[in-house]
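J.: This is model.pdb, which holds PDB, C-alpha atoms:
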```pdb
ATOM      1  CA  MET A   1      26.772  11.821 -11.289
ATOM      2  CA  GLY A   2      25.066  14.345  -9.054
ATOM      3  CA  LEU A   3      25.789  16.809  -6.278
ATOM      4  CA  PHE A   4      29.358  16.635  -4.800
ATOM      5  CA  GLY A   5      30.308  14.115  -7.503
ATOM      6  CA  ILE A   6      28.341  11.386  -5.749
ATOM      7  CA  ASN A   7      25.864   9.221  -7.576
ATOM      8  CA  TRP A   8      22.955   9.595  -5.147
ATOM      9  CA  TYR A   9      20.735   7.171  -7.054
ATOM     10  CA  ARG A  10      23.078   4.409  -5.947
ATOM     11  CA  TYR A  11      21.790   4.909  -2.390
ATOM     12  CA  ALA A  12      18.178   4.310  -3.472
ATOM     13  CA  ALA A  13      19.087   0.616  -3.318
ATOM     14  CA  PRO A  14      18.469  -0.679   0.228
ATOM     15  CA  GLN A  15      21.694  -2.737   0.305
ATOM     16  CA  ALA A  16      23.732   0.376  -0.600
ATOM     17  CA  PHE A  17      21.894   2.603   1.868
ATOM     18  CA  TYR A  18      22.349   0.142   4.752
ATOM     19  CA  PRO A  19      26.049   0.940   5.443
ATOM     20  CA  LEU A  20      25.543   4.671   4.725
ATOM     21  CA  ALA A  21      22.755   4.806   7.344
ATOM     22  CA  GLY A  22      25.085   3.043   9.785
ATOM     23  CA  LYS A  23      27.729   5.739   9.268
ATOM     24  CA  MET A  24      25.212   8.570   9.760
ATOM     25  CA  ILE A  25      23.756   7.265  13.057
ATOM     26  CA  PRO A  26      26.629   8.254  15.437
ATOM     27  CA  TRP A  27      26.782  11.798  14.011
ATOM     28  CA  PHE A  28      23.085  12.485  14.485
ATOM     29  CA  ALA A  29      23.199  10.785  17.900
ATOM     30  CA  ALA A  30      25.969  13.206  18.964
ATOM     31  CA  ILE A  31      23.893  16.160  17.693
ATOM     32  CA  ALA A  32      20.788  14.899  19.518
ATOM     33  CA  VAL A  33      22.615  14.443  22.843
ATOM     34  CA  THR A  34      24.404  17.829  22.642
ATOM     35  CA  LEU A  35      21.233  19.744  21.742
ATOM     36  CA  GLY A  36      19.208  17.753  24.275
ATOM     37  CA  ILE A  37      21.548  18.518  27.187
ATOM     38  CA  SER A  38      21.736  22.246  26.338
ATOM     39  CA  GLY A  39      17.968  22.334  25.791
ATOM     40  CA  LEU A  40      17.293  20.666  29.139
ATOM     41  CA  TYR A  41      19.707  23.030  30.918
ATOM     42  CA  ILE A  42      17.969  26.118  29.492
ATOM     43  CA  SER A  43      14.483  24.653  30.064
ATOM     44  CA  LEU A  44      14.981  23.583  33.671
ATOM     45  CA  CYS A  45      17.712  25.885  35.009
ATOM     46  CA  ILE A  46      17.771  29.162  33.047
ATOM     47  CA  ALA A  47      14.261  29.949  31.777
ATOM     48  CA  PRO A  48      12.319  32.270  34.101
ATOM     49  CA  THR A  49       9.039  31.446  35.836
ATOM     50  CA  ASP A  50       5.876  32.130  33.824
ATOM     51  CA  PHE A  51       4.020  34.988  35.498
ATOM     52  CA  GLN A  52       0.585  33.408  34.891
ATOM     53  CA  GLN A  53       1.179  29.679  35.245
ATOM     54  CA  GLY A  54       4.186  29.451  37.568
ATOM     55  CA  GLU A  55       6.635  26.562  37.110
ATOM     56  CA  VAL A  56       4.122  24.133  35.584
ATOM     57  CA  TYR A  57       4.572  25.903  32.239
ATOM     58  CA  ARG A  58       7.955  24.091  31.921
ATOM     59  CA  ILE A  59       6.025  21.138  30.501
ATOM     60  CA  ILE A  60       6.033  23.247  27.310
ATOM     61  CA  PHE A  61       9.678  22.221  26.727
ATOM     62  CA  VAL A  62       8.689  18.601  26.077
ATOM     63  CA  HIS A  63       5.044  19.036  25.082
ATOM     64  CA  VAL A  64       5.467  21.454  22.167
ATOM     65  CA  PRO A  65       8.497  19.726  20.561
ATOM     66  CA  ALA A  66       6.735  16.339  20.881
ATOM     67  CA  ALA A  67       3.555  17.755  19.304
ATOM     68  CA  TRP A  68       5.520  19.392  16.468
ATOM     69  CA  MET A  69       7.375  16.138  15.774
ATOM     70  CA  SER A  70       4.117  14.135  15.832
ATOM     71  CA  MET A  71       2.821  16.232  12.911
ATOM     72  CA  PHE A  72       6.152  16.715  11.107
ATOM     73  CA  ILE A  73       6.982  12.984  11.158
ATOM     74  CA  TYR A  74       3.554  12.233   9.693
ATOM     75  CA  LEU A  75       4.189  14.635   6.802
ATOM     76  CA  VAL A  76       7.628  13.118   6.129
ATOM     77  CA  MET A  77       6.194   9.586   6.390
ATOM     78  CA  ALA A  78       3.412  10.424   3.925
ATOM     79  CA  GLY A  79       6.021  12.066   1.657
ATOM     80  CA  TRP A  80       8.092   8.864   1.563
ATOM     81  CA  ALA A  81       4.910   6.850   0.996
ATOM     82  CA  GLY A  82       3.995   9.103  -1.955
ATOM     83  CA  ILE A  83       7.483   8.829  -3.469
ATOM     84  CA  GLY A  84       7.294   5.072  -2.979
ATOM     85  CA  LEU A  85       4.003   4.862  -4.871
ATOM     86  CA  ALA A  86       5.131   7.229  -7.651
ATOM     87  CA  LEU A  87       8.562   5.697  -8.291
ATOM     88  CA  ASN A  88       7.920   2.187  -6.958
ATOM     89  CA  ALA A  89      11.001   2.631  -4.761
ATOM     90  CA  ARG A  90      11.403  -0.004  -2.060
ATOM     91  CA  LEU A  91      13.607   2.158   0.167
ATOM     92  CA  SER A  92      10.979   4.936   0.253
ATOM     93  CA  PHE A  93       8.342   2.531   1.580
ATOM     94  CA  MET A  94      10.865   1.273   4.132
ATOM     95  CA  MET A  95      11.539   4.849   5.311
ATOM     96  CA  ALA A  96       7.796   5.412   5.798
ATOM     97  CA  GLN A  97       7.630   2.174   7.782
ATOM     98  CA  ALA A  98      10.666   3.203   9.859
ATOM     99  CA  LEU A  99       9.132   6.556  10.850
ATOM    100  CA  ALA A 100       5.669   5.384  11.959
ATOM    101  CA  PRO A 101       6.468   3.981  15.453
ATOM    102  CA  THR A 102       8.489   7.081  16.391
ATOM    103  CA  GLY A 103       5.663   9.319  15.147
ATOM    104  CA  ALA A 104       3.197   7.340  17.239
ATOM    105  CA  MET A 105       5.490   7.649  20.260
ATOM    106  CA  PHE A 106       5.696  11.446  19.955
ATOM    107  CA  THR A 107       1.913  11.669  19.462
ATOM    108  CA  LEU A 108       1.357   9.674  22.647
ATOM    109  CA  LEU A 109       3.908  11.824  24.517
ATOM    110  CA  ALA A 110       2.209  15.018  23.302
ATOM    111  CA  LEU A 111      -1.140  13.700  24.571
ATOM    112  CA  VAL A 112       0.229  12.507  27.936
ATOM    113  CA  THR A 113       2.312  15.635  28.680
ATOM    114  CA  GLY A 114      -0.664  17.737  27.564
ATOM    115  CA  SER A 115      -2.825  15.858  30.036
ATOM    116  CA  LEU A 116      -0.276  16.491  32.811
ATOM    117  CA  TRP A 117      -0.386  20.174  31.885
ATOM    118  CA  GLY A 118      -4.155  20.365  31.538
ATOM    119  CA  ARG A 119      -4.924  18.955  34.984
ATOM    120  CA  PRO A 120      -3.337  21.841  37.001
ATOM    121  CA  THR A 121      -4.141  24.639  34.498
ATOM    122  CA  TRP A 122      -7.574  23.672  33.109
ATOM    123  CA  GLY A 123      -8.687  21.449  35.987
ATOM    124  CA  THR A 124      -9.155  18.422  33.718
ATOM    125  CA  TRP A 125      -6.977  15.633  32.273
ATOM    126  CA  TRP A 126      -8.920  15.508  29.024
ATOM    127  CA  VAL A 127     -11.487  17.476  27.046
ATOM    128  CA  TRP A 128     -12.995  16.619  23.651
ATOM    129  CA  ASP A 129     -11.971  19.857  21.978
ATOM    130  CA  ALA A 130     -10.824  20.031  18.354
ATOM    131  CA  ARG A 131      -7.067  20.130  19.082
ATOM    132  CA  LEU A 132      -7.033  17.183  21.472
ATOM    133  CA  THR A 133      -9.440  15.106  19.395
ATOM    134  CA  SER A 134      -7.572  15.611  16.107
ATOM    135  CA  GLU A 135      -4.248  14.751  17.821
ATOM    136  CA  LEU A 136      -5.866  11.545  19.128
ATOM    137  CA  ILE A 137      -6.974  10.753  15.556
ATOM    138  CA  LEU A 138      -3.325  11.192  14.504
ATOM    139  CA  LEU A 139      -2.355   8.481  17.011
ATOM    140  CA  PHE A 140      -5.000   6.174  15.512
ATOM    141  CA  LEU A 141      -3.676   6.904  11.998
ATOM    142  CA  TYR A 142      -0.153   5.887  13.022
ATOM    143  CA  ILE A 143      -1.458   2.740  14.738
ATOM    144  CA  GLY A 144      -3.674   1.958  11.731
ATOM    145  CA  PHE A 145      -0.700   2.322   9.372
ATOM    146  CA  MET A 146       1.434  -0.044  11.452
ATOM    147  CA  ALA A 147      -1.392  -2.560  11.907
ATOM    148  CA  LEU A 148      -2.187  -2.591   8.191
ATOM    149  CA  GLN A 149       1.482  -3.076   7.259
ATOM    150  CA  SER A 150       1.927  -5.991   9.624
ATOM    151  CA  ALA A 151      -1.420  -7.598   8.711
ATOM    152  CA  ILE A 152      -0.515  -8.055   5.017
ATOM    153  CA  GLU A 153       2.005 -10.812   4.471
ATOM    154  CA  ASP A 154       3.301  -9.868   1.012
ATOM    155  CA  PRO A 155       5.682  -6.924   1.709
ATOM    156  CA  ARG A 156       4.984  -5.244  -1.655
ATOM    157  CA  ARG A 157       1.227  -5.222  -1.091
ATOM    158  CA  ALA A 158       1.703  -4.179   2.551
ATOM    159  CA  ASP A 159       3.863  -1.236   1.406
ATOM    160  CA  ARG A 160       1.273  -0.040  -1.095
ATOM    161  CA  ALA A 161      -1.719  -0.396   1.220
ATOM    162  CA  GLY A 162       0.123   1.395   4.031
ATOM    163  CA  ALA A 163       1.204   4.183   1.685
ATOM    164  CA  VAL A 164      -2.371   4.827   0.537
ATOM    165  CA  LEU A 165      -3.560   4.999   4.147
ATOM    166  CA  ALA A 166      -0.694   7.356   5.071
ATOM    167  CA  LEU A 167      -1.542   9.677   2.160
ATOM    168  CA  VAL A 168      -5.265   9.772   2.945
ATOM    169  CA  GLY A 169      -4.492  10.600   6.586
ATOM    170  CA  VAL A 170      -2.419  13.661   5.644
ATOM    171  CA  VAL A 171      -5.619  15.721   5.629
ATOM    172  CA  ASN A 172      -5.665  15.436   9.430
ATOM    173  CA  VAL A 173      -2.366  17.340   9.905
ATOM    174  CA  PRO A 174      -3.610  20.821   8.858
ATOM    175  CA  ILE A 175      -6.771  20.130  10.873
ATOM    176  CA  ILE A 176      -4.613  19.619  13.997
ATOM    177  CA  TYR A 177      -2.475  22.662  13.289
ATOM    178  CA  PHE A 178      -5.311  25.098  12.551
ATOM    179  CA  SER A 179      -7.867  23.573  14.949
ATOM    180  CA  VAL A 180      -7.125  26.260  17.551
ATOM    181  CA  GLU A 181      -8.016  28.952  14.997
ATOM    182  CA  TRP A 182     -10.939  27.258  13.245
ATOM    183  CA  TRP A 183     -12.775  26.169  16.372
ATOM    184  CA  ASN A 184     -13.277  27.553  19.842
ATOM    185  CA  THR A 185     -10.903  25.262  21.719
ATOM    186  CA  LEU A 186      -9.901  25.064  25.360
ATOM    187  CA  HIS A 187      -6.383  24.490  24.041
ATOM    188  CA  GLN A 188      -4.577  27.815  23.564
ATOM    189  CA  GLY A 189      -3.450  29.165  20.189
ATOM    190  CA  ALA A 190       0.137  28.975  18.925
ATOM    191  CA  SER A 191       2.716  31.133  20.749
ATOM    192  CA  ILE A 192       5.346  30.540  18.070
ATOM    193  CA  GLY A 193       4.650  31.169  14.379
ATOM    194  CA  LEU A 194       6.661  31.816  11.234
ATOM    195  CA  THR A 195       4.930  35.099  10.384
ATOM    196  CA  ARG A 196       5.130  36.979  13.690
ATOM    197  CA  ALA A 197       7.335  37.533  16.746
ATOM    198  CA  PRO A 198       6.987  34.730  19.305
ATOM    199  CA  ALA A 199       4.846  35.566  22.350
ATOM    200  CA  MET A 200       7.320  34.394  24.999
ATOM    201  CA  ALA A 201      10.597  35.371  26.684
ATOM    202  CA  ALA A 202      13.828  34.661  24.770
ATOM    203  CA  PRO A 203      15.171  31.863  27.064
ATOM    204  CA  MET A 204      11.784  30.114  26.866
ATOM    205  CA  LEU A 205      11.869  30.303  23.086
ATOM    206  CA  TRP A 206      15.457  29.003  22.987
ATOM    207  CA  GLY A 207      14.528  26.126  25.270
ATOM    208  CA  VAL A 208      11.651  25.085  23.002
ATOM    209  CA  LEU A 209      13.717  25.425  19.811
ATOM    210  CA  LEU A 210      16.733  23.495  21.176
ATOM    211  CA  MET A 211      14.495  20.699  22.451
ATOM    212  CA  ALA A 212      12.673  20.572  19.103
ATOM    213  CA  LEU A 213      16.000  20.313  17.225
ATOM    214  CA  ALA A 214      17.167  17.603  19.647
ATOM    215  CA  PHE A 215      13.944  15.634  19.014
ATOM    216  CA  TRP A 216      14.469  16.094  15.271
ATOM    217  CA  ALA A 217      18.035  14.705  15.414
ATOM    218  CA  TYR A 218      16.794  11.872  17.666
ATOM    219  CA  THR A 219      14.110  11.005  15.120
ATOM    220  CA  ILE A 220      16.735  10.735  12.370
ATOM    221  CA  VAL A 221      18.796   8.393  14.574
ATOM    222  CA  VAL A 222      15.945   6.000  15.409
ATOM    223  CA  ALA A 223      14.492   6.119  11.866
ATOM    224  CA  LEU A 224      17.903   5.124  10.454
ATOM    225  CA  MET A 225      18.290   2.385  13.081
ATOM    226  CA  ARG A 226      14.827   1.034  12.250
ATOM    227  CA  VAL A 227      15.251   1.196   8.474
ATOM    228  CA  ARG A 228      18.440  -0.853   8.862
ATOM    229  CA  CYS A 229      16.451  -3.451  10.806
ATOM    230  CA  VAL A 230      13.754  -3.509   8.109
ATOM    231  CA  ILE A 231      16.345  -3.884   5.307
ATOM    232  CA  ALA A 232      18.133  -6.715   7.142
ATOM    233  CA  GLU A 233      14.887  -8.524   8.031
ATOM    234  CA  ARG A 234      13.516  -8.322   4.487
ATOM    235  CA  ALA A 235      16.833  -9.507   3.034
ATOM    236  CA  ARG A 236      16.725 -12.505   5.353
ATOM    237  CA  GLU A 237      13.144 -13.304   4.398
ATOM    238  CA  ALA A 238      13.971 -13.093   0.697
ATOM    239  CA  HIS A 239      16.982 -15.318   1.275
ATOM    240  CA  TRP A 240      14.855 -17.939   3.016
ATOM    241  CA  LEU A 241      12.240 -17.789   0.264
ATOM    242  CA  ASN A 242      14.902 -18.442  -2.377
ATOM    243  CA  GLU A 243      16.324 -21.354  -0.401
ATOM    244  CA  MET A 244      12.853 -22.850  -0.016
ATOM    245  CA  ARG A 245      12.182 -22.531  -3.751
ATOM    246  CA  GLU A 246      15.506 -24.184  -4.613
ATOM    247  CA  SER A 247      14.909 -27.116  -2.272
ATOM    248  CA  THR A 248      11.458 -27.926  -3.649
TER     249      THR A 248
ATOM    250  CA  MET B   1      22.544  32.825  35.632
ATOM    251  CA  MET B   2      20.786  30.076  37.536
ATOM    252  CA  HIS B   3      17.060  30.420  38.116
ATOM    253  CA  TRP B   4      16.824  28.444  41.373
ATOM    254  CA  ASN B   5      17.983  29.312  44.885
ATOM    255  CA  SER B   6      18.437  25.752  46.137
ATOM    256  CA  VAL B   7      18.362  22.140  45.000
ATOM    257  CA  SER B   8      15.112  21.499  46.891
ATOM    258  CA  ASP B   9      13.535  24.500  45.103
ATOM    259  CA  PHE B  10      14.519  22.917  41.813
ATOM    260  CA  PHE B  11      12.927  19.572  42.644
ATOM    261  CA  ALA B  12       9.797  21.187  44.117
ATOM    262  CA  MET B  13       9.077  23.041  40.822
ATOM    263  CA  GLY B  14       7.003  25.638  42.651
ATOM    264  CA  GLY B  15       4.620  22.955  43.920
ATOM    265  CA  TYR B  16       4.045  21.448  40.461
ATOM    266  CA  ALA B  17       6.631  18.648  40.781
ATOM    267  CA  ILE B  18       4.016  15.889  40.279
ATOM    268  CA  TYR B  19       3.138  17.326  36.846
ATOM    269  CA  VAL B  20       6.519  18.625  35.615
ATOM    270  CA  TRP B  21       8.800  15.681  36.484
ATOM    271  CA  PRO B  22       6.581  12.927  35.025
ATOM    272  CA  SER B  23       6.374  14.943  31.769
ATOM    273  CA  PHE B  24      10.149  15.074  31.414
ATOM    274  CA  GLY B  25      10.658  11.573  32.841
ATOM    275  CA  LEU B  26       8.162   9.833  30.547
ATOM    276  CA  THR B  27       9.562  11.614  27.476
ATOM    277  CA  LEU B  28      13.144  10.657  28.294
ATOM    278  CA  GLY B  29      12.072   7.152  29.318
ATOM    279  CA  ALA B  30      10.214   6.561  26.043
ATOM    280  CA  MET B  31      13.247   7.667  24.027
ATOM    281  CA  VAL B  32      15.687   5.459  25.947
ATOM    282  CA  LEU B  33      13.283   2.513  25.654
ATOM    283  CA  GLU B  34      12.903   2.992  21.886
ATOM    284  CA  VAL B  35      16.680   3.034  21.324
ATOM    285  CA  TRP B  36      17.086  -0.054  23.542
ATOM    286  CA  LEU B  37      14.348  -1.965  21.661
ATOM    287  CA  LEU B  38      15.908  -1.023  18.311
ATOM    288  CA  ARG B  39      19.368  -2.184  19.382
ATOM    289  CA  ARG B  40      17.863  -5.519  20.429
ATOM    290  CA  ARG B  41      15.999  -5.811  17.122
ATOM    291  CA  ALA B  42      19.174  -4.941  15.163
ATOM    292  CA  ASN B  43      21.159  -7.621  16.992
ATOM    293  CA  LYS B  44      18.493 -10.201  16.146
ATOM    294  CA  ALA B  45      18.329  -9.148  12.482
ATOM    295  CA  ASP B  46      22.089  -9.159  11.990
ATOM    296  CA  VAL B  47      22.805 -12.604  13.453
ATOM    297  CA  ALA B  48      21.934 -15.121  10.763
TER     298      ALA B  48
END
```
Go through the file and emit its structure as structure tokens.

T.:
Amino acid sequence: MGLFGINWYRYAAPQAFYPLAGKMIPWFAAIAVTLGISGLYISLCIAPTDFQQGEVYRIIFVHVPAAWMSMFIYLVMAGWAGIGLALNARLSFMMAQALAPTGAMFTLLALVTGSLWGRPTWGTWWVWDARLTSELILLFLYIGFMALQSAIEDPRRADRAGAVLALVGVVNVPIIYFSVEWWNTLHQGASIGLTRAPAMAAPMLWGVLLMALAFWAYTIVVALMRVRCVIAERAREAHWLNEMREST
Amino acid sequence: MMHWNSVSDFFAMGGYAIYVWPSFGLTLGAMVLEVWLLRRRANKADVA
């Protein structure tokens, strides 16, 4: 028995987690929609014009949350992969697998919205500076993880190989985050940090934070939806395998 | 307190409409598409 009198270890079994995940999805979906609508309202209707960039700066409200999520999801994915390897827990591997496509999606969105921001402000869609290049490598890491998982037929071996790749790739995340400090990049430094006051007006900051929280709740929703798919698909495959063995 | 004076001001985004709206549109579109694909996949996985 653990916290709140619930035996949490019970939910480490995929078949026990499946209905729990189903119950959690509508709650996080409601949080995501509520935060998303308030975030969009502040971002597009309340936040003032940036005195340097004009209205184009509003791309920040999707670009920065997407970029944060692209790195954060990778860390969580690698965390699940590490737990999976250490404890040989099937559900942990499945969580890593469920997060990868959403992480790749946010990485792509960060790159595309960054490009749409770079064209009017820098005069170019793309530049091979350290921030942009390391974020592109992150996209390749996500794609590599998914390709490796789907290329190996035996799910246990696929899980382990994917987990090793995910863990090795973790080194890229601090490189992305600190690239703007370590190298002379065209990309600007961080305006929001944990150790100092943010360098932007309060409504701008609120817009970014609400959108980031909305993206976070959204990620939980789609990760839970996808892990349910993975659990159901693997259960079906195992079922078929057993039937085949019995009939031969 | 609303930032814009008119609806057309809002859509014009100070002349940056072709950069701002695709950014928001593609992000929202990708999210809606992902949820739709997952619902389809869940329906397929459940029926057996």

J.: What is the distance, in Å and to one decimal place, between CA of Ile59 in chain A and CA of Tyr16 in chain B?

T.: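 Computing the Euclidean distance for CA of Ile59 in chain A and CA of Tyr16 in chain B yields 10.2 Å.
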
J.: Contacts from chain A to chain B, 10 Å maximum, only C-alpha atoms: show me the residue list as a ChimeraX atom specification.

T.: /A:40-42,44-49,54-63,66,101-102,105-106,108-110,112-120,215,218-219,221-223,225-236

J.: Taking the file as shown, what set of residues would the PyMOL selection byres ((chain A and resi 175) around 12) give back, as an NGL selection string?

T.: :A and (71 or 130-138 or 169-174 or 176-183)

J.: List the residues matched by the PyMOL selection byres ((chain A and resi 90) around 12) in the displayed structure as an MDAnalysis selection string, ordered by chain and then by residue number.

T.: chainID A and resid 11:15 17 80:89 91:97 155:160 163 227 230:231 234

J.: In Å, with one decimal, what is the gap from CA of Trp27 in chain A to CA of Ile73 in chain A?

T.: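 Distance between the two atoms: 20.0 Å.
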
J.: Find the distance between CA of Trp216 in chain A and CA of Leu33 in chain B and write it in Å to one decimal.

T.: 17.1 Å

J.: As AutoDock Vina command-line options, what would the box around range 113-117 of chain A look like: edges along x, y and z, 5 Å added on every side, centre and edge lengths in Å to one decimal?

T.:
```
--center_x -0.3 --center_y 17.9 --center_z 30.2 --size_x 15.1 --size_y 14.5 --size_z 15.2
```

J.: Please enumerate the residues selected by the PyMOL selection byres ((chain A and resi 207) around 8) when evaluated against the supplied file, formatted as a ChimeraX atom specification.

T.: /A:39-40,42-43,47,61,203-206,208-211
